[in-house]
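> Have a look at this one.
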2 protein chains.
Amino acid sequence: MTDATVQKIRAFNRFYMPRMNLLGNHYLGSEYSATEARVLFEVLQNDGCTATSIARAMNIDKGYLSRIISAHEKAGYLRRTVSSGDGRARSLHLTETGRARAQEFVDLSNEEVADILAPLSPAERKRLEDALDTVTELLSKGEQQA
Amino acid sequence: MTDATVQKIRAFNRFYMPRMNLLGNHYLGSEYSATEARVLFEVLQNDGCTATSIARAMNIDKGYLSRIISAHEKAGYLRRTVSSGDGRARSLHLTETGRARAQEFVDLSNEEVADILAPLSPAERKRLEDALDTVTELLSKGEQQA
DNA sequence: AAAATTTAGTTGGCATATGCAACTAAATTG
DNA sequence: CAATTTAGTTGCATATGCCAACTAAATTTT
């Protein structure tokens, strides 16, 4: 059951996560927690989504999420509107400020990754992209559950 | 500055992390926090290491780490012995119980990964391994800082 | 070698993050 | 309409992180 590919994946994860700064609780170098930043992204990429859908996507506690959303609202990053079809649910929308804030995170992340890729030649970048495509393609097999 | 490879990497991260269950604060499905589990692994893979070396490797506060280690000791997972060469430092060693506990995590992780890889044929696994090797090789460039 | 400085670890205190369960309101079932 | 389920909120407990004070032991200075 513990075949070589499994070990390879696990070794890769141990190598990749710290290199990409994907450990720790802060979103990159920012003062924001990774969770707070991700919530902002969820709403950015999914305007009108609800707390429930975010909780499902991020797999976090709905109580905790409720507070994060309240904090984002208080900070002026998003608005809550009663869902048209469901009186219990609130549709979430980023404000201009929130969109700008999310963009800051995107920019920061881009810079970090760019630094990591700096030593690579164009040919090497191409190889890297192809390898990432391959990994994505293969791990997408047997994907249609959720 | 925001080139295609950077976007590729970021898209890959968004795809890969949730798929590998690398988000969230719990070590896999266990009741253990990721931090507690990682400390156990550090000692497992580095018998006789010290709190200072772990704090450096994991980049966490020494006070917090001190408490985690105490908890692990109280739980019977590890022993502390005064370092032979340095009277201030304590060498850390897993007990049999601690080794078994760590192994449970390893097994759990192996199973999760095995499930993900289940749909892949042997040929596809080989392709995957090669792709992971390529990514690792390329991201290792310009690596000798620390 | 004694004093001053540094290092390893512990502990207390504090702030925030996270998780869980009880609770309210609204929707859905039968 | 009563019973059940669902979306969110809130109270409370624990986890996590950070900083500073403190002890003991090692290292450096003079």
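Convention: chains lettered A, B, ... in structure tokens order; per-chain residue numbering from 1; ligands numbered from 1 as shown.
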For a quick test of understanding: name the residues of chain B lying within 7 Å of chain D when counting only C-alpha atoms (C1' of nucleotides), and present them as a list of chain:residue names.
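In the required form, that comes to B:Asp61, B:Gly87, B:Arg88.
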> If we count only C-alpha atoms (C1' of nucleotides) and set the cut-off at 12 Å, which residues sit around stretch 108-117 of chain A, ignoring sequence neighbours fewer than 4 positions away in its own chain? Please answer as a compact mmCIF listing (two decimals) with C-alpha atoms, in the first residue's frame.

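This went into part_2.txt:
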```txt
# COMPACT_ATOMS: atom_id res chain seq x y z
CA TYR A 16 7.56 22.34 -1.70
CA PRO A 18 8.28 25.58 3.02
CA ARG A 19 9.84 26.72 -0.25
CA MET A 20 6.58 28.36 -1.27
CA ASN A 21 6.09 29.82 2.16
CA LEU A 22 2.91 27.82 2.47
CA TYR A 27 -0.48 35.19 4.52
CA LEU A 28 3.00 35.62 3.12
CA GLY A 29 4.71 38.37 5.02
CA SER A 30 1.54 40.33 5.73
CA ALA A 34 -3.79 33.24 5.91
CA ALA A 37 -6.73 36.61 3.29
CA ARG A 101 -6.81 44.96 -0.39
CA ALA A 102 -7.12 41.62 -2.13
CA GLN A 103 -5.05 42.94 -4.99
CA GLU A 104 -2.30 43.86 -2.54
CA SER A 121 16.22 30.63 -17.48
CA PRO A 122 13.36 30.89 -19.97
CA GLU A 124 13.87 26.14 -17.42
CA ARG A 125 10.65 28.02 -16.82
CA LYS A 126 9.13 26.22 -19.74
CA LEU A 128 8.75 23.88 -14.94
CA GLU A 129 5.44 24.87 -16.47
CA MET B 1 7.25 41.27 -13.43
CA THR B 2 4.09 39.18 -13.36
CA ASP B 3 5.08 36.63 -15.92
CA ALA B 4 3.23 33.54 -17.03
CA THR B 5 5.31 31.16 -14.95
CA VAL B 6 4.44 33.03 -11.77
CA GLN B 7 0.76 32.75 -12.59
CA LYS B 8 1.22 29.08 -13.35
CA ILE B 9 2.82 28.46 -10.00
CA ARG B 10 0.10 30.30 -8.14
CA ALA B 11 -2.62 28.46 -10.01
CA PHE B 12 -0.85 25.21 -9.22
CA ASN B 13 -0.72 26.07 -5.54
CA VAL B 135 9.81 20.62 -10.22
CA LEU B 138 14.25 23.43 -10.87
CA LEU B 139 13.08 24.95 -7.62
CA SER B 140 16.31 23.84 -5.98
CA LYS B 141 18.29 26.22 -8.15
CA GLY B 142 19.78 29.13 -6.25
CA GLU B 143 19.15 27.27 -3.08
```
> Please write out chain A, superposed on chain B by least squares over all C-alpha atoms matched in order, as a compact mmCIF listing (two decimals) with N, CA and C atoms, in the first residue's frame.

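Result saved to result-v2.txt:
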```txt
# COMPACT_ATOMS: atom_id res chain seq x y z
N MET A 1 8.12 42.01 -13.58
CA MET A 1 8.46 41.22 -12.38
C MET A 1 7.46 40.09 -12.14
N THR A 2 6.20 40.39 -12.46
CA THR A 2 5.17 39.36 -12.29
C THR A 2 5.05 38.54 -13.56
N ASP A 3 5.99 37.62 -13.73
CA ASP A 3 5.96 36.88 -14.98
C ASP A 3 5.02 35.70 -14.93
N ALA A 4 4.89 35.04 -16.05
CA ALA A 4 3.93 33.95 -16.19
C ALA A 4 4.25 32.78 -15.26
N THR A 5 5.52 32.51 -15.06
CA THR A 5 5.88 31.37 -14.22
C THR A 5 5.46 31.60 -12.78
N VAL A 6 5.60 32.83 -12.33
CA VAL A 6 5.16 33.16 -10.96
C VAL A 6 3.67 32.88 -10.82
N GLN A 7 2.91 33.34 -11.79
CA GLN A 7 1.46 33.10 -11.73
C GLN A 7 1.15 31.62 -11.76
N LYS A 8 1.92 30.91 -12.54
CA LYS A 8 1.71 29.46 -12.66
C LYS A 8 1.94 28.77 -11.31
N ILE A 9 3.01 29.17 -10.65
CA ILE A 9 3.32 28.60 -9.34
C ILE A 9 2.19 28.89 -8.36
N ARG A 10 1.76 30.14 -8.35
CA ARG A 10 0.72 30.51 -7.38
C ARG A 10 -0.58 29.78 -7.67
N ALA A 11 -0.90 29.62 -8.93
CA ALA A 11 -2.11 28.88 -9.28
C ALA A 11 -1.96 27.42 -8.86
N PHE A 12 -0.77 26.90 -9.06
CA PHE A 12 -0.50 25.51 -8.66
C PHE A 12 -0.69 25.35 -7.15
N ASN A 13 -0.16 26.29 -6.40
CA ASN A 13 -0.29 26.21 -4.94
C ASN A 13 -1.75 26.22 -4.52
N ARG A 14 -2.54 27.06 -5.17
CA ARG A 14 -3.96 27.12 -4.81
C ARG A 14 -4.65 25.80 -5.12
N PHE A 15 -4.18 25.15 -6.17
CA PHE A 15 -4.77 23.86 -6.55
C PHE A 15 -4.27 22.73 -5.65
N TYR A 16 -2.98 22.75 -5.40
CA TYR A 16 -2.33 21.61 -4.75
C TYR A 16 -2.61 21.49 -3.25
N MET A 17 -2.53 22.62 -2.55
CA MET A 17 -2.67 22.56 -1.09
C MET A 17 -3.99 21.97 -0.62
N PRO A 18 -5.11 22.47 -1.10
CA PRO A 18 -6.36 21.87 -0.63
C PRO A 18 -6.48 20.42 -1.05
N ARG A 19 -5.96 20.09 -2.24
CA ARG A 19 -6.07 18.72 -2.72
C ARG A 19 -5.30 17.77 -1.81
N MET A 20 -4.19 18.24 -1.29
CA MET A 20 -3.36 17.42 -0.43
C MET A 20 -3.76 17.56 1.03
N ASN A 21 -4.82 18.31 1.26
CA ASN A 21 -5.25 18.47 2.64
C ASN A 21 -4.19 19.19 3.46
N LEU A 22 -3.48 20.10 2.82
CA LEU A 22 -2.39 20.77 3.52
C LEU A 22 -2.84 22.10 4.12
N LEU A 23 -4.13 22.36 4.04
CA LEU A 23 -4.66 23.55 4.70
C LEU A 23 -5.25 23.11 6.03
N GLY A 24 -5.67 24.07 6.80
CA GLY A 24 -6.28 23.71 8.08
C GLY A 24 -5.24 23.43 9.13
N ASN A 25 -5.67 23.30 10.36
CA ASN A 25 -4.74 23.21 11.47
C ASN A 25 -4.59 21.81 12.03
N HIS A 26 -5.33 20.91 11.49
CA HIS A 26 -5.22 19.56 12.02
C HIS A 26 -4.35 18.72 11.12
N TYR A 27 -3.57 17.85 11.75
CA TYR A 27 -2.76 16.96 10.95
C TYR A 27 -3.68 15.91 10.36
N LEU A 28 -3.93 16.05 9.06
CA LEU A 28 -4.84 15.14 8.38
C LEU A 28 -6.14 15.09 9.16
N GLY A 29 -6.69 13.92 9.35
CA GLY A 29 -7.96 13.88 10.04
C GLY A 29 -7.80 13.75 11.55
N SER A 30 -6.58 13.66 12.02
CA SER A 30 -6.36 13.37 13.44
C SER A 30 -6.79 14.52 14.35
N GLU A 31 -6.85 14.21 15.63
CA GLU A 31 -7.22 15.22 16.61
C GLU A 31 -6.00 16.06 16.96
N TYR A 32 -4.85 15.66 16.46
CA TYR A 32 -3.63 16.40 16.72
C TYR A 32 -3.52 17.64 15.84
N SER A 33 -2.94 18.69 16.40
CA SER A 33 -2.71 19.84 15.55
C SER A 33 -1.53 19.52 14.65
N ALA A 34 -1.50 20.15 13.48
CA ALA A 34 -0.42 19.91 12.54
C ALA A 34 0.92 20.21 13.20
N THR A 35 0.93 21.23 14.02
CA THR A 35 2.17 21.62 14.69
C THR A 35 2.66 20.53 15.63
N GLU A 36 1.76 20.02 16.44
CA GLU A 36 2.15 18.96 17.36
C GLU A 36 2.71 17.76 16.62
N ALA A 37 2.04 17.38 15.54
CA ALA A 37 2.49 16.23 14.76
C ALA A 37 3.86 16.50 14.15
N ARG A 38 4.05 17.70 13.66
CA ARG A 38 5.33 18.00 13.01
C ARG A 38 6.48 17.97 14.00
N VAL A 39 6.21 18.42 15.23
CA VAL A 39 7.26 18.37 16.25
C VAL A 39 7.67 16.92 16.49
N LEU A 40 6.67 16.06 16.56
CA LEU A 40 6.95 14.64 16.75
C LEU A 40 7.83 14.12 15.60
N PHE A 41 7.51 14.52 14.39
CA PHE A 41 8.29 14.09 13.23
C PHE A 41 9.72 14.61 13.29
N GLU A 42 9.85 15.84 13.71
CA GLU A 42 11.19 16.42 13.77
C GLU A 42 12.08 15.58 14.69
N VAL A 43 11.53 15.21 15.83
CA VAL A 43 12.32 14.43 16.77
C VAL A 43 12.54 13.02 16.23
N LEU A 44 11.52 12.49 15.56
CA LEU A 44 11.65 11.15 14.97
C LEU A 44 12.80 11.11 13.98
N GLN A 45 12.83 12.11 13.11
CA GLN A 45 13.84 12.11 12.05
C GLN A 45 15.15 12.71 12.51
N ASN A 46 15.18 13.20 13.74
CA ASN A 46 16.37 13.90 14.18
C ASN A 46 16.61 13.66 15.67
N ASP A 47 16.78 12.42 16.02
CA ASP A 47 16.94 12.07 17.42
C ASP A 47 18.06 12.87 18.07
N GLY A 48 17.78 13.39 19.27
CA GLY A 48 18.78 14.16 19.99
C GLY A 48 18.78 15.64 19.64
N CYS A 49 17.86 16.05 18.78
CA CYS A 49 17.80 17.47 18.41
C CYS A 49 17.31 18.29 19.61
N THR A 50 17.41 19.60 19.50
CA THR A 50 17.00 20.47 20.60
C THR A 50 15.80 21.32 20.19
N ALA A 51 15.19 21.94 21.20
CA ALA A 51 14.05 22.80 20.93
C ALA A 51 14.44 23.92 19.98
N THR A 52 15.62 24.45 20.16
CA THR A 52 16.07 25.54 19.31
C THR A 52 16.15 25.12 17.85
N SER A 53 16.69 23.94 17.61
CA SER A 53 16.81 23.50 16.21
C SER A 53 15.43 23.27 15.60
N ILE A 54 14.51 22.76 16.40
CA ILE A 54 13.15 22.54 15.89
C ILE A 54 12.46 23.86 15.60
N ALA A 55 12.64 24.80 16.52
CA ALA A 55 12.02 26.11 16.34
C ALA A 55 12.52 26.75 15.05
N ARG A 56 13.80 26.57 14.78
CA ARG A 56 14.38 27.13 13.56
C ARG A 56 13.80 26.42 12.34
N ALA A 57 13.78 25.09 12.40
CA ALA A 57 13.30 24.31 11.25
C ALA A 57 11.82 24.58 10.97
N MET A 58 11.02 24.71 12.02
CA MET A 58 9.58 24.88 11.83
C MET A 58 9.16 26.33 11.79
N ASN A 59 10.08 27.19 12.18
CA ASN A 59 9.78 28.61 12.20
C ASN A 59 8.59 28.92 13.10
N ILE A 60 8.62 28.40 14.31
CA ILE A 60 7.57 28.73 15.26
C ILE A 60 8.18 29.31 16.54
N ASP A 61 7.33 29.92 17.32
CA ASP A 61 7.75 30.57 18.56
C ASP A 61 8.32 29.56 19.55
N LYS A 62 9.42 29.94 20.20
CA LYS A 62 10.07 28.99 21.12
C LYS A 62 9.24 28.77 22.38
N GLY A 63 8.47 29.77 22.78
CA GLY A 63 7.62 29.60 23.95
C GLY A 63 6.53 28.57 23.69
N TYR A 64 5.91 28.73 22.55
CA TYR A 64 4.87 27.79 22.15
C TYR A 64 5.46 26.40 22.02
N LEU A 65 6.61 26.33 21.38
CA LEU A 65 7.26 25.04 21.19
C LEU A 65 7.59 24.40 22.53
N SER A 66 8.05 25.19 23.46
CA SER A 66 8.38 24.67 24.79
C SER A 66 7.18 23.95 25.40
N ARG A 67 6.02 24.54 25.21
CA ARG A 67 4.81 23.91 25.77
C ARG A 67 4.43 22.66 25.02
N ILE A 68 4.60 22.68 23.72
CA ILE A 68 4.28 21.48 22.94
C ILE A 68 5.18 20.33 23.37
N ILE A 69 6.46 20.63 23.54
CA ILE A 69 7.40 19.60 23.96
C ILE A 69 7.02 19.07 25.35
N SER A 70 6.66 19.98 26.25
CA SER A 70 6.24 19.55 27.58
C SER A 70 5.04 18.63 27.50
N ALA A 71 4.10 18.99 26.61
CA ALA A 71 2.90 18.17 26.47
C ALA A 71 3.25 16.79 25.93
N HIS A 72 4.15 16.76 24.96
CA HIS A 72 4.56 15.48 24.40
C HIS A 72 5.26 14.64 25.46
N GLU A 73 6.03 15.33 26.30
CA GLU A 73 6.73 14.60 27.37
C GLU A 73 5.70 14.04 28.35
N LYS A 74 4.74 14.90 28.72
CA LYS A 74 3.72 14.46 29.66
C LYS A 74 2.91 13.30 29.09
N ALA A 75 2.72 13.34 27.77
CA ALA A 75 1.96 12.27 27.11
C ALA A 75 2.80 11.00 26.98
N GLY A 76 4.08 11.11 27.31
CA GLY A 76 4.93 9.93 27.24
C GLY A 76 5.52 9.69 25.86
N TYR A 77 5.49 10.72 24.99
CA TYR A 77 5.98 10.54 23.63
C TYR A 77 7.48 10.82 23.50
N LEU A 78 8.02 11.61 24.42
CA LEU A 78 9.45 11.88 24.32
C LEU A 78 10.08 12.14 25.68
N ARG A 79 11.42 12.06 25.70
CA ARG A 79 12.19 12.32 26.91
C ARG A 79 13.13 13.48 26.63
N ARG A 80 13.43 14.24 27.68
CA ARG A 80 14.42 15.32 27.57
C ARG A 80 15.63 14.95 28.41
N THR A 81 16.79 15.07 27.85
CA THR A 81 18.00 14.84 28.62
C THR A 81 18.89 16.05 28.46
N VAL A 82 19.58 16.41 29.53
CA VAL A 82 20.47 17.56 29.44
C VAL A 82 21.53 17.27 28.40
N SER A 83 21.73 18.21 27.51
CA SER A 83 22.73 18.03 26.47
C SER A 83 24.11 17.86 27.11
N SER A 84 24.86 16.93 26.58
CA SER A 84 26.18 16.65 27.16
C SER A 84 27.09 17.88 27.11
N GLY A 85 27.11 18.53 25.97
CA GLY A 85 28.03 19.65 25.83
C GLY A 85 27.51 20.98 26.36
N ASP A 86 26.17 21.14 26.41
CA ASP A 86 25.60 22.44 26.77
C ASP A 86 24.55 22.27 27.87
N GLY A 87 24.83 22.78 29.03
CA GLY A 87 23.94 22.62 30.18
C GLY A 87 22.59 23.29 30.03
N ARG A 88 22.49 24.20 29.06
CA ARG A 88 21.20 24.87 28.87
C ARG A 88 20.28 24.04 27.99
N ALA A 89 20.87 23.39 27.02
CA ALA A 89 20.07 22.69 26.01
C ALA A 89 19.62 21.31 26.48
N ARG A 90 18.47 20.87 25.93
CA ARG A 90 17.95 19.53 26.24
C ARG A 90 17.90 18.74 24.96
N SER A 91 18.49 17.58 24.98
CA SER A 91 18.42 16.67 23.83
C SER A 91 17.07 15.96 23.88
N LEU A 92 16.42 15.88 22.74
CA LEU A 92 15.09 15.28 22.67
C LEU A 92 15.15 13.90 22.02
N HIS A 93 14.41 12.96 22.61
CA HIS A 93 14.38 11.59 22.11
C HIS A 93 12.97 11.05 22.21
N LEU A 94 12.50 10.41 21.15
CA LEU A 94 11.18 9.79 21.22
C LEU A 94 11.26 8.52 22.06
N THR A 95 10.17 8.27 22.76
CA THR A 95 10.04 6.98 23.46
C THR A 95 9.47 5.99 22.47
N GLU A 96 9.35 4.75 22.89
CA GLU A 96 8.72 3.74 22.03
C GLU A 96 7.31 4.19 21.68
N THR A 97 6.60 4.68 22.70
CA THR A 97 5.23 5.16 22.50
C THR A 97 5.20 6.29 21.47
N GLY A 98 6.15 7.20 21.61
CA GLY A 98 6.20 8.32 20.69
C GLY A 98 6.48 7.88 19.27
N ARG A 99 7.36 6.89 19.15
CA ARG A 99 7.68 6.39 17.81
C ARG A 99 6.44 5.74 17.20
N ALA A 100 5.71 5.02 18.01
CA ALA A 100 4.49 4.36 17.53
C ALA A 100 3.47 5.42 17.09
N ARG A 101 3.39 6.48 17.90
CA ARG A 101 2.45 7.56 17.60
C ARG A 101 2.81 8.22 16.29
N ALA A 102 4.07 8.50 16.10
CA ALA A 102 4.52 9.12 14.86
C ALA A 102 4.20 8.22 13.67
N GLN A 103 4.40 6.93 13.89
CA GLN A 103 4.13 5.99 12.80
C GLN A 103 2.66 5.99 12.42
N GLU A 104 1.80 6.20 13.42
CA GLU A 104 0.37 6.28 13.11
C GLU A 104 0.11 7.42 12.12
N PHE A 105 0.79 8.54 12.37
CA PHE A 105 0.61 9.68 11.48
C PHE A 105 1.14 9.37 10.08
N VAL A 106 2.27 8.71 10.04
CA VAL A 106 2.85 8.35 8.75
C VAL A 106 1.88 7.45 7.99
N ASP A 107 1.33 6.47 8.69
CA ASP A 107 0.40 5.55 8.05
C ASP A 107 -0.84 6.28 7.54
N LEU A 108 -1.34 7.17 8.38
CA LEU A 108 -2.53 7.94 8.02
C LEU A 108 -2.26 8.77 6.77
N SER A 109 -1.11 9.41 6.76
CA SER A 109 -0.75 10.24 5.62
C SER A 109 -0.60 9.39 4.37
N ASN A 110 0.04 8.25 4.51
CA ASN A 110 0.20 7.36 3.36
C ASN A 110 -1.14 6.97 2.78
N GLU A 111 -2.07 6.67 3.66
CA GLU A 111 -3.40 6.26 3.19
C GLU A 111 -4.10 7.38 2.42
N GLU A 112 -4.00 8.57 2.98
CA GLU A 112 -4.65 9.70 2.31
C GLU A 112 -4.09 9.92 0.93
N VAL A 113 -2.76 9.90 0.85
CA VAL A 113 -2.13 10.12 -0.45
C VAL A 113 -2.47 8.98 -1.40
N ALA A 114 -2.49 7.76 -0.87
CA ALA A 114 -2.83 6.61 -1.71
C ALA A 114 -4.23 6.77 -2.30
N ASP A 115 -5.14 7.32 -1.52
CA ASP A 115 -6.50 7.54 -2.02
C ASP A 115 -6.50 8.52 -3.17
N ILE A 116 -5.69 9.56 -3.01
CA ILE A 116 -5.62 10.58 -4.06
C ILE A 116 -5.05 9.98 -5.34
N LEU A 117 -4.09 9.08 -5.18
CA LEU A 117 -3.43 8.52 -6.36
C LEU A 117 -4.17 7.33 -6.96
N ALA A 118 -5.20 6.88 -6.24
CA ALA A 118 -5.91 5.67 -6.66
C ALA A 118 -6.32 5.64 -8.13
N PRO A 119 -6.85 6.78 -8.65
CA PRO A 119 -7.32 6.71 -10.04
C PRO A 119 -6.21 6.65 -11.09
N LEU A 120 -4.96 6.74 -10.69
CA LEU A 120 -3.88 6.80 -11.68
C LEU A 120 -3.35 5.42 -12.08
N SER A 121 -3.13 5.25 -13.35
CA SER A 121 -2.53 4.02 -13.87
C SER A 121 -1.04 4.02 -13.56
N PRO A 122 -0.40 2.87 -13.66
CA PRO A 122 1.05 2.81 -13.44
C PRO A 122 1.80 3.80 -14.34
N ALA A 123 1.40 3.91 -15.57
CA ALA A 123 2.08 4.83 -16.49
C ALA A 123 1.90 6.26 -16.02
N GLU A 124 0.72 6.57 -15.56
CA GLU A 124 0.45 7.94 -15.07
C GLU A 124 1.25 8.23 -13.81
N ARG A 125 1.37 7.23 -12.97
CA ARG A 125 2.17 7.43 -11.75
C ARG A 125 3.62 7.73 -12.11
N LYS A 126 4.09 7.06 -13.11
CA LYS A 126 5.46 7.31 -13.55
C LYS A 126 5.60 8.75 -14.04
N ARG A 127 4.64 9.19 -14.81
CA ARG A 127 4.67 10.57 -15.32
C ARG A 127 4.65 11.54 -14.15
N LEU A 128 3.81 11.23 -13.17
CA LEU A 128 3.69 12.11 -12.00
C LEU A 128 5.03 12.17 -11.25
N GLU A 129 5.63 11.03 -11.04
CA GLU A 129 6.91 11.01 -10.33
C GLU A 129 7.96 11.82 -11.07
N ASP A 130 7.99 11.65 -12.38
CA ASP A 130 8.97 12.40 -13.17
C ASP A 130 8.74 13.90 -13.04
N ALA A 131 7.45 14.28 -13.07
CA ALA A 131 7.13 15.71 -12.99
C ALA A 131 7.54 16.26 -11.63
N LEU A 132 7.29 15.48 -10.57
CA LEU A 132 7.68 15.93 -9.23
C LEU A 132 9.19 16.05 -9.13
N ASP A 133 9.90 15.11 -9.73
CA ASP A 133 11.35 15.18 -9.73
C ASP A 133 11.82 16.45 -10.43
N THR A 134 11.17 16.75 -11.53
CA THR A 134 11.55 17.95 -12.28
C THR A 134 11.34 19.20 -11.44
N VAL A 135 10.18 19.29 -10.81
CA VAL A 135 9.90 20.47 -9.97
C VAL A 135 10.93 20.57 -8.86
N THR A 136 11.20 19.45 -8.21
CA THR A 136 12.16 19.45 -7.11
C THR A 136 13.54 19.86 -7.58
N GLU A 137 13.93 19.30 -8.69
CA GLU A 137 15.26 19.62 -9.24
C GLU A 137 15.39 21.12 -9.52
N LEU A 138 14.38 21.65 -10.20
CA LEU A 138 14.47 23.06 -10.60
C LEU A 138 14.40 24.00 -9.40
N LEU A 139 13.55 23.65 -8.44
CA LEU A 139 13.43 24.54 -7.27
C LEU A 139 14.60 24.36 -6.31
N SER A 140 15.42 23.40 -6.57
CA SER A 140 16.60 23.21 -5.73
C SER A 140 17.75 24.10 -6.17
N LYS A 141 17.61 24.67 -7.35
CA LYS A 141 18.68 25.54 -7.84
C LYS A 141 18.84 26.75 -6.93
N GLY A 142 20.08 27.15 -6.72
CA GLY A 142 20.33 28.30 -5.87
C GLY A 142 19.80 28.06 -4.48
N GLU A 143 20.17 26.94 -3.95
CA GLU A 143 19.57 26.41 -2.72
C GLU A 143 20.47 26.58 -1.51
N GLN A 144 21.75 26.75 -1.74
CA GLN A 144 22.72 26.65 -0.64
C GLN A 144 22.86 27.93 0.18
N GLN A 145 21.78 28.37 0.81
CA GLN A 145 21.92 29.53 1.70
C GLN A 145 22.03 29.08 3.15
N ALA A 146 20.94 28.49 3.66
CA ALA A 146 20.89 28.09 5.08
C ALA A 146 21.93 27.01 5.36
```
> Which chain C residues have any atom within 9 Å of an atom of chain B, and for each, what is the nearest pair of atoms with distance in Å to one decimal, counting only C-alpha atoms (C1' of nucleotides), rows sorted by chain and number, as JSON lines?

```
{"residue": "C:DT7", "atom": "C1'", "partner": "B:Arg88", "partner_atom": "CA", "distance": 8.3}
{"residue": "C:DA8", "atom": "C1'", "partner": "B:Arg88", "partner_atom": "CA", "distance": 5.2}
{"residue": "C:DG9", "atom": "C1'", "partner": "B:Ser66", "partner_atom": "CA", "distance": 7.3}
{"residue": "C:DT10", "atom": "C1'", "partner": "B:Ser66", "partner_atom": "CA", "distance": 7.3}
{"residue": "C:DT11", "atom": "C1'", "partner": "B:Gly63", "partner_atom": "CA", "distance": 8.3}
{"residue": "C:DT18", "atom": "C1'", "partner": "B:Asn25", "partner_atom": "CA", "distance": 8.4}
```
> How would you write, as a count of residues only, the set of residues in chain A that DSSP gives as helix (DSSP H, G or I)?
89
